[in-house]
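Enquirer: Sharing target_38.tsv here; it has TSV, C-alpha atoms.
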```tsv
chain	number	residue	atom	x	y	z
A	1229	MET	CA	120.95	169.82	-197.45
A	1230	LYS	CA	119.21	169.56	-194.09
A	1231	ALA	CA	121.25	168.06	-191.28
A	1232	TYR	CA	121.38	167.89	-187.50
A	1233	ILE	CA	124.40	169.84	-186.32
A	1234	LEU	CA	126.39	169.48	-183.12
A	1235	ASP	CA	127.49	173.05	-182.45
A	1236	ARG	CA	129.33	172.33	-179.20
A	1237	TYR	CA	130.02	169.40	-176.91
A	1238	ALA	CA	127.42	169.31	-174.14
A	1239	LYS	CA	126.04	166.47	-172.02
A	1240	LYS	CA	122.56	165.61	-173.32
A	1241	GLY	CA	122.70	168.73	-175.50
A	1242	ALA	CA	120.20	169.07	-178.34
A	1243	LEU	CA	121.35	168.88	-181.95
A	1244	ARG	CA	120.32	171.79	-184.20
A	1245	LEU	CA	118.46	171.17	-187.45
A	1246	GLY	CA	120.07	173.42	-190.02
A	1247	GLU	CA	121.58	173.63	-193.49
A	1248	ARG	CA	124.93	172.17	-194.47
A	1249	PRO	CA	126.71	172.13	-197.83
A	1250	ASP	CA	126.08	169.04	-199.92
A	1251	PRO	CA	128.92	166.54	-199.41
A	1252	ALA	CA	131.92	166.71	-201.74
A	1253	LEU	CA	132.81	163.39	-203.35
A	1254	ARG	CA	136.30	161.92	-203.13
A	1255	ASP	CA	137.60	159.64	-205.88
A	1256	THR	CA	136.24	156.35	-204.51
A	1257	ASP	CA	133.14	157.75	-202.76
A	1258	VAL	CA	129.50	157.08	-203.37
A	1259	LEU	CA	126.94	159.76	-202.52
A	1260	ILE	CA	124.08	158.19	-200.59
A	1261	GLU	CA	120.67	159.77	-200.23
A	1262	VAL	CA	119.78	158.90	-196.66
A	1263	TYR	CA	116.48	157.08	-196.17
A	1264	ALA	CA	117.08	155.95	-192.58
A	1265	ALA	CA	119.76	156.40	-189.92
A	1266	GLY	CA	120.38	154.36	-186.78
A	1267	LEU	CA	121.16	155.86	-183.38
A	1268	ASN	CA	123.93	154.50	-181.19
A	1269	GLN	CA	125.29	155.19	-177.73
A	1270	LEU	CA	128.49	156.18	-179.52
A	1271	ASP	CA	126.68	159.22	-180.94
A	1272	SER	CA	125.61	160.24	-177.44
A	1273	LYS	CA	129.14	159.83	-176.09
A	1274	ILE	CA	130.65	161.93	-178.89
A	1275	ARG	CA	128.00	164.62	-178.33
A	1276	ASP	CA	128.79	164.62	-174.60
A	1277	GLY	CA	132.50	165.10	-175.32
A	1278	GLU	CA	133.63	161.73	-173.95
A	1279	PHE	CA	135.72	160.89	-177.01
A	1280	LYS	CA	137.39	164.26	-177.54
A	1281	PRO	CA	140.90	162.94	-176.80
A	1282	ILE	CA	140.77	159.92	-179.11
A	1283	LEU	CA	138.50	160.70	-182.09
A	1284	PRO	CA	139.22	163.31	-184.77
A	1285	TYR	CA	136.11	165.49	-184.41
A	1286	ARG	CA	135.68	169.20	-183.81
A	1287	PRO	CA	132.28	170.95	-183.74
A	1288	PRO	CA	130.37	171.96	-185.70
A	1289	LEU	CA	129.78	168.49	-187.09
A	1290	VAL	CA	127.05	166.06	-188.06
A	1291	LEU	CA	126.75	162.85	-186.03
A	1292	GLY	CA	125.39	159.48	-187.14
A	1293	HIS	CA	127.16	156.14	-187.74
A	1294	ASP	CA	124.47	154.03	-189.50
A	1295	VAL	CA	122.89	154.68	-192.87
A	1296	ALA	CA	120.55	152.97	-195.31
A	1297	GLY	CA	119.67	154.69	-198.55
A	1298	LYS	CA	120.24	154.86	-202.29
A	1299	VAL	CA	123.31	155.74	-204.34
A	1300	VAL	CA	122.69	158.96	-206.27
A	1301	ARG	CA	126.18	159.82	-207.51
A	1302	LEU	CA	129.60	158.18	-207.92
A	1303	GLY	CA	133.13	159.48	-207.44
A	1304	PRO	CA	135.33	159.31	-210.56
A	1305	ASN	CA	137.02	156.06	-209.48
A	1306	ALA	CA	134.09	154.37	-207.71
A	1307	ARG	CA	133.35	151.02	-209.37
A	1308	ARG	CA	131.54	148.79	-206.86
A	1309	PHE	CA	128.06	150.31	-207.05
A	1310	LYS	CA	125.78	152.02	-209.53
A	1311	VAL	CA	123.34	154.88	-209.24
A	1312	GLY	CA	120.05	153.60	-207.84
A	1313	ASP	CA	121.54	150.81	-205.71
A	1314	ALA	CA	119.95	150.38	-202.29
A	1315	VAL	CA	122.84	150.23	-199.83
A	1316	TYR	CA	123.76	150.44	-196.18
A	1317	ALA	CA	126.94	151.33	-194.34
A	1318	ARG	CA	128.79	152.38	-191.24
A	1319	PRO	CA	130.93	155.30	-192.51
A	1320	ARG	CA	134.52	155.24	-191.31
A	1321	ASP	CA	135.74	157.34	-188.40
A	1322	GLY	CA	136.38	160.93	-189.38
A	1323	ARG	CA	133.64	160.77	-192.04
A	1324	ILE	CA	130.47	160.12	-190.05
A	1325	GLY	CA	127.34	162.22	-190.52
A	1326	THR	CA	124.27	160.11	-191.31
A	1327	PHE	CA	121.85	162.49	-189.53
A	1328	ALA	CA	121.50	164.37	-192.81
A	1329	GLU	CA	119.78	164.11	-196.18
A	1330	PHE	CA	122.98	163.01	-197.95
A	1331	ILE	CA	126.35	161.54	-197.01
A	1332	ALA	CA	129.49	160.73	-199.01
A	1333	VAL	CA	130.95	157.35	-198.03
A	1334	ASP	CA	134.00	155.51	-199.35
A	1335	GLU	CA	132.71	152.60	-201.41
A	1336	ALA	CA	134.91	150.21	-199.37
A	1337	ASP	CA	132.63	150.87	-196.37
A	1338	VAL	CA	129.37	150.15	-198.23
A	1339	ALA	CA	127.36	146.99	-198.97
A	1340	LEU	CA	124.15	146.32	-200.84
A	1341	LYS	CA	121.17	146.46	-198.50
A	1342	PRO	CA	119.72	143.05	-197.57
A	1343	THR	CA	116.81	142.48	-199.93
A	1344	ASN	CA	114.54	141.23	-197.15
A	1345	LEU	CA	114.89	144.32	-194.94
A	1346	THR	CA	113.22	147.71	-195.01
A	1347	MET	CA	115.43	150.80	-195.03
A	1348	GLU	CA	114.75	151.28	-191.31
A	1349	GLU	CA	115.64	147.68	-190.49
A	1350	ALA	CA	118.80	147.90	-192.58
A	1351	ALA	CA	119.87	151.14	-190.87
A	1352	SER	CA	119.75	149.35	-187.52
A	1353	ILE	CA	122.46	146.86	-188.49
A	1354	PRO	CA	125.85	148.25	-189.62
A	1355	LEU	CA	127.54	149.46	-186.42
A	1356	VAL	CA	126.20	146.74	-184.13
A	1357	GLY	CA	126.56	144.03	-186.76
A	1358	LEU	CA	130.17	144.91	-187.47
A	1359	THR	CA	130.90	145.19	-183.75
A	1360	ALA	CA	129.53	141.69	-183.12
A	1361	TRP	CA	131.44	140.31	-186.12
A	1362	GLN	CA	134.74	141.90	-185.14
A	1363	VAL	CA	134.45	140.71	-181.53
A	1364	LEU	CA	133.27	137.15	-182.15
A	1365	VAL	CA	134.81	136.29	-185.53
A	1366	ASP	CA	137.93	138.48	-185.82
A	1367	ARG	CA	139.07	138.84	-182.22
A	1368	ALA	CA	137.61	135.84	-180.37
A	1369	LYS	CA	137.65	133.40	-183.32
A	1370	LEU	CA	134.60	131.81	-181.73
A	1371	SER	CA	134.05	128.23	-182.86
A	1372	ARG	CA	131.52	125.44	-182.54
A	1373	GLY	CA	131.26	124.01	-179.04
A	1374	GLN	CA	132.72	127.02	-177.26
A	1375	LYS	CA	130.84	129.01	-174.61
A	1376	VAL	CA	130.35	132.79	-174.74
A	1377	LEU	CA	128.78	135.26	-172.32
A	1378	ILE	CA	127.25	138.29	-174.02
A	1379	HIS	CA	126.34	141.05	-171.60
A	1380	ALA	CA	123.26	143.22	-172.20
A	1381	GLY	CA	121.68	140.74	-174.59
A	1382	SER	CA	118.65	142.90	-175.37
A	1383	GLY	CA	120.76	145.87	-176.47
A	1384	GLY	CA	121.81	146.78	-179.99
A	1385	VAL	CA	125.07	144.83	-180.04
A	1386	GLY	CA	123.71	142.05	-177.84
A	1387	THR	CA	120.75	141.17	-180.07
A	1388	VAL	CA	123.03	140.68	-183.09
A	1389	ALA	CA	125.87	139.04	-181.16
A	1390	ILE	CA	123.59	136.35	-179.70
A	1391	GLN	CA	122.39	135.39	-183.18
A	1392	LEU	CA	125.88	135.43	-184.66
A	1393	ALA	CA	127.29	133.32	-181.82
A	1394	LYS	CA	124.54	130.72	-182.31
A	1395	HIS	CA	125.27	130.69	-186.05
A	1396	LEU	CA	128.90	129.97	-185.20
A	1397	GLY	CA	127.81	127.00	-183.07
A	1398	ALA	CA	128.55	128.39	-179.61
A	1399	THR	CA	126.61	127.98	-176.37
A	1400	VAL	CA	125.39	131.46	-175.46
A	1401	ALA	CA	124.71	132.96	-172.05
A	1402	THR	CA	123.48	136.51	-171.67
A	1403	THR	CA	122.48	139.02	-169.02
A	1404	ALA	CA	119.13	140.74	-169.37
A	1405	SER	CA	116.17	141.89	-167.31
A	1406	ALA	CA	113.33	139.41	-166.70
A	1407	VAL	CA	111.07	141.40	-169.01
A	1408	ASN	CA	113.51	140.82	-171.90
A	1409	ALA	CA	114.17	137.13	-171.18
A	1410	ASP	CA	111.79	135.86	-173.86
A	1411	LEU	CA	113.31	138.18	-176.44
A	1412	VAL	CA	116.89	137.01	-175.90
A	1413	ARG	CA	115.80	133.37	-175.82
A	1414	SER	CA	114.02	133.87	-179.14
A	1415	LEU	CA	117.34	135.10	-180.56
A	1416	GLY	CA	119.10	131.91	-179.42
A	1417	ALA	CA	120.35	132.50	-175.88
A	1418	ASP	CA	120.77	129.19	-174.05
A	1419	VAL	CA	121.26	130.66	-170.57
A	1420	VAL	CA	119.61	133.89	-169.43
A	1421	ILE	CA	120.80	135.60	-166.25
A	1422	ASP	CA	118.43	138.15	-164.70
A	1423	TYR	CA	120.97	140.80	-163.75
A	1424	ARG	CA	118.58	142.32	-161.20
A	1425	THR	CA	118.22	139.18	-159.09
A	1426	GLN	CA	121.13	136.90	-160.09
A	1427	ASP	CA	124.92	137.19	-160.01
A	1428	PHE	CA	126.28	135.93	-163.31
A	1429	ALA	CA	129.77	135.54	-161.82
A	1430	LYS	CA	128.48	132.98	-159.31
A	1431	ILE	CA	126.38	131.04	-161.81
A	1432	LEU	CA	128.64	130.77	-164.88
A	1433	SER	CA	132.10	129.26	-165.16
A	1434	GLY	CA	134.45	127.73	-167.70
A	1435	TYR	CA	133.56	130.16	-170.50
A	1436	ASP	CA	135.80	130.79	-173.48
A	1437	VAL	CA	134.75	134.36	-174.33
A	1438	VAL	CA	133.00	137.30	-172.68
A	1439	LEU	CA	131.72	140.28	-174.66
A	1440	ASN	CA	131.43	143.20	-172.24
A	1441	SER	CA	129.50	146.38	-173.00
A	1442	LEU	CA	128.79	147.47	-169.44
A	1443	ASP	CA	130.63	149.15	-166.55
A	1444	GLY	CA	133.98	148.49	-164.93
A	1445	ASP	CA	132.55	146.38	-162.11
A	1446	THR	CA	130.87	144.03	-164.60
A	1447	LEU	CA	134.12	143.90	-166.58
A	1448	GLU	CA	136.17	142.79	-163.56
A	1449	ARG	CA	133.62	140.24	-162.35
A	1450	SER	CA	133.54	138.75	-165.85
A	1451	LEU	CA	137.05	137.43	-165.21
A	1452	ASP	CA	135.51	134.88	-162.80
A	1453	VAL	CA	133.41	133.42	-165.62
A	1454	LEU	CA	136.33	132.68	-167.93
A	1455	LYS	CA	138.61	129.67	-167.97
A	1456	PRO	CA	142.40	130.11	-168.27
A	1457	GLY	CA	143.18	131.05	-171.85
A	1458	GLY	CA	139.78	132.71	-172.23
A	1459	LYS	CA	139.22	136.08	-173.82
A	1460	LEU	CA	137.59	139.13	-172.23
A	1461	ILE	CA	136.73	141.62	-174.96
A	1462	SER	CA	135.22	144.96	-174.01
A	1463	ILE	CA	133.58	147.51	-176.29
A	1464	SER	CA	132.97	149.97	-173.46
A	1465	GLY	CA	136.52	150.35	-172.21
A	1466	PRO	CA	138.94	150.92	-170.80
A	1467	PRO	CA	140.94	151.34	-174.04
A	1468	ASP	CA	144.28	149.55	-173.96
A	1469	PRO	CA	147.73	150.35	-175.42
A	1470	ALA	CA	147.01	148.23	-178.51
A	1471	PHE	CA	144.03	150.47	-179.30
A	1472	ALA	CA	146.15	153.59	-178.75
A	1473	LYS	CA	148.77	152.26	-181.18
A	1474	ALA	CA	146.15	151.32	-183.81
A	1475	GLN	CA	144.61	154.81	-183.58
A	1476	GLY	CA	148.00	156.47	-183.93
A	1477	LEU	CA	147.56	158.40	-180.69
A	1478	ASN	CA	150.41	160.47	-179.29
A	1479	ALA	CA	152.78	159.22	-176.60
A	1480	ILE	CA	150.95	160.99	-173.78
A	1481	LEU	CA	147.60	159.46	-174.69
A	1482	LYS	CA	149.23	156.05	-175.07
A	1483	LEU	CA	150.60	156.41	-171.55
A	1484	VAL	CA	147.25	157.57	-170.17
A	1485	LEU	CA	145.34	154.68	-171.75
A	1486	GLY	CA	147.98	152.27	-170.52
A	1487	VAL	CA	147.40	153.51	-166.97
A	1488	LEU	CA	143.59	153.44	-167.30
A	1489	SER	CA	143.60	149.84	-168.50
A	1490	GLY	CA	146.43	148.69	-166.26
A	1491	LYS	CA	144.24	147.32	-163.46
A	1492	ILE	CA	142.06	145.07	-165.62
A	1493	ARG	CA	145.04	143.93	-167.72
A	1494	ARG	CA	146.98	142.93	-164.60
A	1495	LYS	CA	144.00	141.09	-163.10
A	1496	ALA	CA	143.36	139.30	-166.40
A	1497	ALA	CA	147.02	138.32	-166.78
A	1498	ALA	CA	147.07	136.89	-163.26
A	1499	LYS	CA	144.23	134.54	-164.24
A	1500	GLY	CA	145.76	133.64	-167.60
A	1501	ILE	CA	143.04	135.56	-169.47
A	1502	ASP	CA	143.50	137.81	-172.49
A	1503	TYR	CA	141.91	141.26	-172.08
A	1504	SER	CA	141.43	143.56	-175.05
A	1505	PHE	CA	139.41	146.62	-175.98
A	1506	LEU	CA	137.67	146.75	-179.35
A	1507	PHE	CA	136.56	149.90	-181.14
A	1508	MET	CA	134.82	148.70	-184.27
A	1509	ARG	CA	135.87	149.84	-187.72
A	1510	ALA	CA	133.99	150.32	-190.97
A	1511	ASP	CA	134.25	147.38	-193.38
A	1512	GLY	CA	132.01	146.89	-196.39
A	1513	GLU	CA	133.26	143.36	-197.08
A	1514	GLN	CA	132.34	142.21	-193.57
A	1515	LEU	CA	128.99	143.94	-193.93
A	1516	LYS	CA	128.45	141.96	-197.14
A	1517	ARG	CA	128.99	138.73	-195.18
A	1518	ILE	CA	126.50	139.91	-192.56
A	1519	THR	CA	124.04	140.63	-195.40
A	1520	ALA	CA	124.28	136.98	-196.49
A	1521	LEU	CA	123.41	135.82	-192.96
A	1522	ILE	CA	120.44	138.21	-192.83
A	1523	GLU	CA	119.12	137.07	-196.20
A	1524	ALA	CA	119.53	133.43	-195.11
A	1525	GLY	CA	117.48	134.11	-191.97
A	1526	ASP	CA	120.35	133.51	-189.53
A	1527	ILE	CA	120.29	137.09	-188.25
A	1528	ARG	CA	117.26	139.34	-187.95
A	1529	PRO	CA	117.18	142.97	-186.88
A	1530	VAL	CA	115.58	143.92	-183.57
A	1531	LEU	CA	114.05	147.36	-184.03
A	1532	ASP	CA	112.56	148.97	-180.95
A	1533	ARG	CA	111.15	152.23	-182.31
A	1534	THR	CA	111.30	154.39	-185.41
A	1535	PHE	CA	111.17	158.18	-185.12
A	1536	ALA	CA	110.60	160.83	-187.76
A	1537	PHE	CA	113.69	162.81	-188.76
A	1538	ALA	CA	112.11	165.90	-187.17
A	1539	ASP	CA	112.09	164.05	-183.83
A	1540	LEU	CA	115.78	163.10	-183.74
A	1541	ASN	CA	116.38	164.76	-180.38
A	1542	ALA	CA	113.41	162.86	-178.92
A	1543	ALA	CA	114.97	159.65	-180.28
A	1544	PHE	CA	118.20	160.49	-178.46
A	1545	ALA	CA	116.27	161.05	-175.23
A	1546	TYR	CA	114.63	157.66	-175.67
A	1547	ILE	CA	117.84	155.66	-176.16
A	1548	GLU	CA	119.31	157.39	-173.13
A	1549	THR	CA	116.58	155.92	-170.91
A	1550	GLY	CA	118.33	152.57	-171.39
A	1551	ARG	CA	115.01	150.84	-172.07
A	1552	ALA	CA	115.36	150.29	-175.81
A	1553	LYS	CA	115.32	146.69	-177.03
A	1554	GLY	CA	117.64	146.42	-179.98
A	1555	LYS	CA	117.96	149.60	-182.04
A	1556	VAL	CA	116.25	152.96	-182.54
A	1557	VAL	CA	116.14	154.47	-186.03
A	1558	VAL	CA	115.03	157.74	-187.62
A	1559	THR	CA	113.30	157.84	-191.00
A	1560	VAL	CA	114.82	160.59	-193.14
A	1561	LYS	CA	112.96	159.82	-196.38
A	1562	GLU	CA	110.08	157.45	-196.99
A	1563	ASP	CA	110.88	154.54	-199.27
A	1564	ALA	CA	108.28	154.26	-202.02
A	1565	GLN	CA	109.08	150.59	-202.63
```
Could you write out this file's structure as structure tokens?

Expert:
Amino acid sequence: MKAYILDRYAKKGALRLGERPDPALRDTDVLIEVYAAGLNQLDSKIRDGEFKPILPYRPPLVLGHDVAGKVVRLGPNARRFKVGDAVYARPRDGRIGTFAEFIAVDEADVALKPTNLTMEEAASIPLVGLTAWQVLVDRAKLSRGQKVLIHAGSGGVGTVAIQLAKHLGATVATTASAVNADLVRSLGADVVIDYRTQDFAKILSGYDVVLNSLDGDTLERSLDVLKPGGKLISISGPPDPAFAKAQGLNAILKLVLGVLSGKIRRKAAAKGIDYSFLFMRADGEQLKRITALIEAGDIRPVLDRTFAFADLNAAFAYIETGRAKGKVVVTVKEDAQ
């Protein structure tokens, strides 16, 4: 099969289009013919070598964490899907590789594609949708009447998180540029902070939850927004000891991550705030619940641009400009339907 191969870690390095063996199926796998694949900053960070210490990858490898396509073969014990099903997924860590013509995915990570989305729209959802769900539902337990600040509201995670938070009945504030203010309001944001001209930490207060996806300075200033007992959840780091334990990292890495996150954890504790780092996980059952919200019209994808598979490296260059609204997707195979 054709696939884009990462031969070596290199900052902003190009992926090589080449041939790879067709995926081997494990007992509970489904083989998915890839119609569309979403790009994420996580792919860029793995390519650049930023996650070498904590993720189980060694080049050469195929990147890609979002897939929409059709089931073409089943493992001997796979029971949840049938050949021909249109599906989407975020493959689990250690088994990524959606920038290819085919990928084998454990059926537990897969859900039927929302019937009202194209393959490209569906491919934009899994990683960011699951991230938003795991932050707001699992970790924050966000409930009606609470207030949440979602940083970078026009980004991939932000566009889904705003909609999910509104569905849960929360009041939503977000940071965005003035040019994206109308977009985030259309998704349900109640308060929009222009990060170029306004200081969110001086405007907002008494919030229950902050979802941070930005830098360390933004993370620390977010403490001023939260009330005692509030939750500061970051998807951009620094990883904390709980993450190290969940990943099964060795004692040295646990110590290192404890040191790296020590400053923000101490500052949060002094204010009576709970800080945690979240690295999302694959989960087909959660994706199925997200599908129901999409089909009900509560969540819609925000797709900035679609690139041809041949232009994958150009798509990477585009997301790295930081100007994308929502997600960027590559079309691997045209859907005849």

Enquirer: So, with only C-alpha atoms as the atoms that count, which of A:Ile1547, A:Ala1339, A:Leu1302, A:Ala1472 lies closest to Ile1353 (chain A)?

Expert: A:Ala1339

Enquirer: Which residue out of A:Ala1296, A:Ile1274, A:Leu1358, A:Leu1370 has the minimum interatomic distance to Lys1516 (chain A) when all atoms listed in the file are used?

Expert: A:Leu1358

Enquirer: Using all atoms listed in the file, which protein or nucleic acid residues come within 8 Å of Gly1266 (chain A)? Drop anything in the same chain fewer than 2 positions from it, and give the result as a list in words.

Expert: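 Close residues of Gly1266 (chain A): Ala1264, Asn1268, Gly1292, His1293, Asp1294, Val1295, Glu1348, Ala1351, Ser1352, Ile1353, Lys1555, Val1556, Val1557 and Val1558 of chain A.
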
Enquirer: Can I get the selection written as an mmCIF file, in the coordinates of the input, with C-alpha atoms?

Expert:
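Output file again_12.cif is given in full below:
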```cif
data_model
loop_
_atom_site.group_PDB
_atom_site.id
_atom_site.type_symbol
_atom_site.label_atom_id
_atom_site.label_comp_id
_atom_site.auth_asym_id
_atom_site.auth_seq_id
_atom_site.Cartn_x
_atom_site.Cartn_y
_atom_site.Cartn_z
ATOM 1 C CA ALA A 1264 117.080 155.950 -192.580
ATOM 2 C CA ASN A 1268 123.930 154.500 -181.190
ATOM 3 C CA GLY A 1292 125.390 159.480 -187.140
ATOM 4 C CA HIS A 1293 127.160 156.140 -187.740
ATOM 5 C CA ASP A 1294 124.470 154.030 -189.500
ATOM 6 C CA VAL A 1295 122.890 154.680 -192.870
ATOM 7 C CA GLU A 1348 114.750 151.280 -191.310
ATOM 8 C CA ALA A 1351 119.870 151.140 -190.870
ATOM 9 C CA SER A 1352 119.750 149.350 -187.520
ATOM 10 C CA ILE A 1353 122.460 146.860 -188.490
ATOM 11 C CA LYS A 1555 117.960 149.600 -182.040
ATOM 12 C CA VAL A 1556 116.250 152.960 -182.540
ATOM 13 C CA VAL A 1557 116.140 154.470 -186.030
ATOM 14 C CA VAL A 1558 115.030 157.740 -187.620
#
```

Enquirer: Which residue is closest to Glu1562 (chain A)? Choose from A:Arg1248, A:Arg1236, A:Glu1329, A:Pro1354 and count only C-alpha atoms.

Expert: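 Nearest to Glu1562 (chain A): A:Glu1329.
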
Enquirer: Any idea what the distance is between CA of Arg1449 (chain A) and CA of Val1487 (chain A)?

Expert: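 CA of Val1487 (chain A) lies at a distance of 19.7 Å from CA of Arg1449 (chain A).
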
Enquirer: Using CA of Asn1305 (chain A) and CA of Lys1230 (chain A) as the two end points, give the distance in Å to one decimal.

Expert: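 Calculated distance between CA of Asn1305 (chain A) and CA of Lys1230 (chain A) is 27.1 Å.
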
Enquirer: For Arg1320 (chain A), work out the shell of residues within 9 Å, counting all atoms listed in the file and skipping chain neighbours fewer than 6 positions away, then give it as an mmCIF file with C-alpha atoms, in the coordinates of the input.

Expert:
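Written out: result00.cif:
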```cif
data_model
loop_
_atom_site.group_PDB
_atom_site.id
_atom_site.type_symbol
_atom_site.label_atom_id
_atom_site.label_comp_id
_atom_site.auth_asym_id
_atom_site.auth_seq_id
_atom_site.Cartn_x
_atom_site.Cartn_y
_atom_site.Cartn_z
ATOM 1 C CA HIS A 1293 127.160 156.140 -187.740
ATOM 2 C CA VAL A 1333 130.950 157.350 -198.030
ATOM 3 C CA ASP A 1334 134.000 155.510 -199.350
ATOM 4 C CA ASP A 1337 132.630 150.870 -196.370
ATOM 5 C CA ARG A 1509 135.870 149.840 -187.720
ATOM 6 C CA ALA A 1510 133.990 150.320 -190.970
ATOM 7 C CA ASP A 1511 134.250 147.380 -193.380
#
```

Enquirer: Name the closest residue to Leu1515 (chain A) among the candidates A:Arg1318, A:Arg1286, A:Arg1551, A:Lys1298; distances are taken between atoms, counting all atoms listed in the file.

Expert: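 When distances to Leu1515 (chain A) are compared using all atoms listed in the file, the smallest one comes from A:Arg1318.
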
Enquirer: Restricting the calculation to only C-alpha atoms: of A:Leu1234, A:Ile1501, A:Ala1429, A:Val1299, which residue gets closest to Leu1340 (chain A)?

Expert: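 Looking only at the distances to Leu1340 (chain A), the closest residue turns out to be A:Val1299.
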
Enquirer: Please, could N, CA, C and O atoms be added to region 1269-1284 of chain A and the result written as a PDB file, in the coordinates of the input?

Expert:
```pdb
ATOM      1  N   GLN A1269     124.734 154.531-178.912  1.00  0.00           N
ATOM      2  CA  GLN A1269     125.290 155.190-177.730  1.00  0.00           C
ATOM      3  C   GLN A1269     126.572 155.941-178.075  1.00  0.00           C
ATOM      4  O   GLN A1269     126.897 156.941-177.435  1.00  0.00           O
ATOM      5  N   LEU A1270     127.283 155.491-179.095  1.00  0.00           N
ATOM      6  CA  LEU A1270     128.490 156.180-179.520  1.00  0.00           C
ATOM      7  C   LEU A1270     128.195 157.625-179.916  1.00  0.00           C
ATOM      8  O   LEU A1270     128.981 158.535-179.620  1.00  0.00           O
ATOM      9  N   ASP A1271     127.056 157.847-180.575  1.00  0.00           N
ATOM     10  CA  ASP A1271     126.680 159.220-180.940  1.00  0.00           C
ATOM     11  C   ASP A1271     126.493 160.077-179.693  1.00  0.00           C
ATOM     12  O   ASP A1271     126.937 161.227-179.643  1.00  0.00           O
ATOM     13  N   SER A1272     125.831 159.511-178.685  1.00  0.00           N
ATOM     14  CA  SER A1272     125.610 160.240-177.440  1.00  0.00           C
ATOM     15  C   SER A1272     126.938 160.574-176.774  1.00  0.00           C
ATOM     16  O   SER A1272     127.138 161.686-176.251  1.00  0.00           O
ATOM     17  N   LYS A1273     127.860 159.615-176.769  1.00  0.00           N
ATOM     18  CA  LYS A1273     129.140 159.830-176.090  1.00  0.00           C
ATOM     19  C   LYS A1273     129.984 160.879-176.817  1.00  0.00           C
ATOM     20  O   LYS A1273     130.669 161.694-176.170  1.00  0.00           O
ATOM     21  N   ILE A1274     129.938 160.878-178.147  1.00  0.00           N
ATOM     22  CA  ILE A1274     130.650 161.930-178.890  1.00  0.00           C
ATOM     23  C   ILE A1274     130.022 163.282-178.601  1.00  0.00           C
ATOM     24  O   ILE A1274     130.722 164.267-178.337  1.00  0.00           O
ATOM     25  N   ARG A1275     128.706 163.369-178.638  1.00  0.00           N
ATOM     26  CA  ARG A1275     128.000 164.620-178.330  1.00  0.00           C
ATOM     27  C   ARG A1275     128.365 165.147-176.949  1.00  0.00           C
ATOM     28  O   ARG A1275     128.556 166.355-176.744  1.00  0.00           O
ATOM     29  N   ASP A1276     128.483 164.226-175.978  1.00  0.00           N
ATOM     30  CA  ASP A1276     128.790 164.620-174.600  1.00  0.00           C
ATOM     31  C   ASP A1276     130.256 164.995-174.405  1.00  0.00           C
ATOM     32  O   ASP A1276     130.635 165.482-173.341  1.00  0.00           O
ATOM     33  N   GLY A1277     131.095 164.736-175.422  1.00  0.00           N
ATOM     34  CA  GLY A1277     132.500 165.100-175.320  1.00  0.00           C
ATOM     35  C   GLY A1277     133.397 164.011-174.764  1.00  0.00           C
ATOM     36  O   GLY A1277     134.589 164.236-174.532  1.00  0.00           O
ATOM     37  N   GLU A1278     132.851 162.799-174.577  1.00  0.00           N
ATOM     38  CA  GLU A1278     133.630 161.730-173.950  1.00  0.00           C
ATOM     39  C   GLU A1278     134.787 161.230-174.811  1.00  0.00           C
ATOM     40  O   GLU A1278     135.757 160.675-174.302  1.00  0.00           O
ATOM     41  N   PHE A1279     134.690 161.419-176.127  1.00  0.00           N
ATOM     42  CA  PHE A1279     135.720 160.890-177.010  1.00  0.00           C
ATOM     43  C   PHE A1279     136.623 161.974-177.595  1.00  0.00           C
ATOM     44  O   PHE A1279     137.379 161.720-178.535  1.00  0.00           O
ATOM     45  N   LYS A1280     136.567 163.171-177.021  1.00  0.00           N
ATOM     46  CA  LYS A1280     137.390 164.260-177.540  1.00  0.00           C
ATOM     47  C   LYS A1280     138.874 163.914-177.665  1.00  0.00           C
ATOM     48  O   LYS A1280     139.508 164.256-178.665  1.00  0.00           O
ATOM     49  N   PRO A1281     139.459 163.206-176.687  1.00  0.00           N
ATOM     50  CA  PRO A1281     140.900 162.940-176.800  1.00  0.00           C
ATOM     51  C   PRO A1281     141.282 161.933-177.877  1.00  0.00           C
ATOM     52  O   PRO A1281     142.431 161.937-178.331  1.00  0.00           O
ATOM     53  N   ILE A1282     140.346 161.048-178.274  1.00  0.00           N
ATOM     54  CA  ILE A1282     140.770 159.920-179.110  1.00  0.00           C
ATOM     55  C   ILE A1282     140.091 159.838-180.475  1.00  0.00           C
ATOM     56  O   ILE A1282     140.451 158.989-181.289  1.00  0.00           O
ATOM     57  N   LEU A1283     139.118 160.707-180.766  1.00  0.00           N
ATOM     58  CA  LEU A1283     138.500 160.700-182.090  1.00  0.00           C
ATOM     59  C   LEU A1283     138.650 162.072-182.745  1.00  0.00           C
ATOM     60  O   LEU A1283     138.596 163.102-182.064  1.00  0.00           O
ATOM     61  N   PRO A1284     138.814 162.092-184.068  1.00  0.00           N
ATOM     62  CA  PRO A1284     139.220 163.310-184.770  1.00  0.00           C
ATOM     63  C   PRO A1284     138.061 164.246-185.108  1.00  0.00           C
ATOM     64  O   PRO A1284     137.893 164.627-186.269  1.00  0.00           O
TER      65      PRO A1284
END
```
